[in-house]
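Written out below as structure tokens is the structure these notes cover.
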Amino acid sequence: MRKDAQKFRFHVINLPHTQTTALYNACAYTQKVIKFCRMMKSLGHEVYLYASEENEAPCDELITIVSKKEQRKWFGEYDFKQQFFKIEWNETLPHWTIPNARAVEEIKKRADERDFICIIGGVCQKQISDGLPKLMSVEYGIGYYGVYAPFRVYESYAQMHYVHGQMRDDNGRFFDAVIPNYFDPKEFPYRAKKDDFYLFIGRMIKRKGAEMAAQVTEQIGAKLVLVGQGVNKIDGNKIIADEMTLEGSHLLHLGHADVKMRGQLMSRAKAVFVCSYYLEPFGGTSIEPLFCGTPVISTDWGAFPENIIHGQVGYRARTMGEAIWAAKNVDKLMPAKIRKYAIDNFSLDRVKYLYQAYFEQLYTLWDENGWYSNWHKGVSKYRRYTKYLP
């Protein structure tokens, strides 16, 4: 941390359906909230977290704006480790309006005039910004559409451009930024020697590409381990989900994977398939294995062309034939080099400085020169991540 780095106050709002704990690791946005708090506290900032009752995120104060009782009322009793989270993204529903209103009132009690409001729920949390018009609202991890805040940080350039396309807007916005998702390398153990299986980790829906992973491994006679939400039943060699049934003696589904299990599986796998059929805004499971020194096989769109350097940390495939070739050739890639790339670009200790530079830049807007400020620290080596392999 630079000696002259500015200190800020952040009001961070979690989503209404989770607890800010590692138990909810299947919710990527909740984990972003936790780790964002970690990064900002490590830089000496004040952090006020508005969430539910259970919390593992470091903060100066936890302010409860939704109870577990209310979560059970709004979302019902279900096992989120097996089923995907049951939340509707409709800003008029009580599970948004009630916590939002509470957040506004609680922030008013604590806010100074130049504090930042940190939003992770898009338009569903716009009510908070509307109730606090004098504070600066930032959507700091956009992997969705339905954006509204005056200041926006996207997970990838692919997502930024996709959102602009959705809005039919081809104008740039000077204070928008791209900062990648961020991870704790300690959660992903490095292992140079791999076991004889491939891994798929994600929801069991067609768009995540589990079928492609199953077909590739069947073609090459390899074992595929799968983990993630959405399996209704396992019947012999059949893995049955709502949208598809996978069948084969080479398949093994292990259910939900907690943080420790994810790290262990990723470190042991020959490669991890992240063959999403849609434009991934980022795809955290395409980066997590890299910390383990494990290559990734992805498709060739969304954020993957930005993050998965073909022939260096994995392979991007456009056809089934290319995916089969990739699976046969992952042992040509260097685990130590893969891990270094991940740490250099996506670790907490790297990305926190990207956020520091961004918020310092926004803070110049409080000065009389504003956009014309001669502030230039953001163009230093901390401005953007490296995206290269030395």
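Just remember, in the structure tokens the first chain shown is A, the second B, etc., residues are 1-based per chain, and ligands are 1-based in the order shown.
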Show which residues sit within 12 Å of His164 in chain A, as a ChimeraX atom specification. Count only C-alpha atoms, and ignore same-chain residues fewer than 4 positions away.
/A:144-148,152,154,157-160,168-173,176
Need the shell around Thr18 in chain A: protein/DNA/RNA residues with any atom at most 9 Å away, counting only C-alpha atoms. Skip same-chain ones fewer than 5 positions apart. Format as an NGL selection string?
:A and (24 or 27 or 30 or 51-52 or 68 or 71 or 85)
Selection export as a short mmCIF file (atom, residue, chain, number, x, y, z; two decimals), in the first residue's frame, atoms kept: C-alpha atoms:
```cif
data_model
loop_
_atom_site.label_atom_id
_atom_site.label_comp_id
_atom_site.auth_asym_id
_atom_site.auth_seq_id
_atom_site.Cartn_x
_atom_site.Cartn_y
_atom_site.Cartn_z
CA TYR A 24 -22.71 -19.90 0.47
CA CYS A 27 -23.31 -17.76 -4.86
CA THR A 30 -21.97 -13.23 -2.10
CA ALA A 51 -26.40 -8.10 5.23
CA SER A 52 -28.07 -10.89 7.21
CA LYS A 68 -32.96 -15.59 8.57
CA GLN A 71 -35.37 -15.41 4.29
CA PHE A 85 -31.04 -20.25 -5.11
#
```
From the set A:Ala28, A:Ile309, A:Val138, A:Val12, which residue has the shortest atom-to-atom contact distance to Glu61 in chain A, counting only C-alpha atoms?
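Looking at the shortest contact to Glu61 in chain A, the residue is A:Val12.
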Pick from A:Asn374, A:Thr64, A:Thr285, A:Gln166, whichever lies nearest to Phe183 in chain A using only C-alpha atoms
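Once distances to Phe183 in chain A are computed over only C-alpha atoms, the minimum belongs to A:Thr285.
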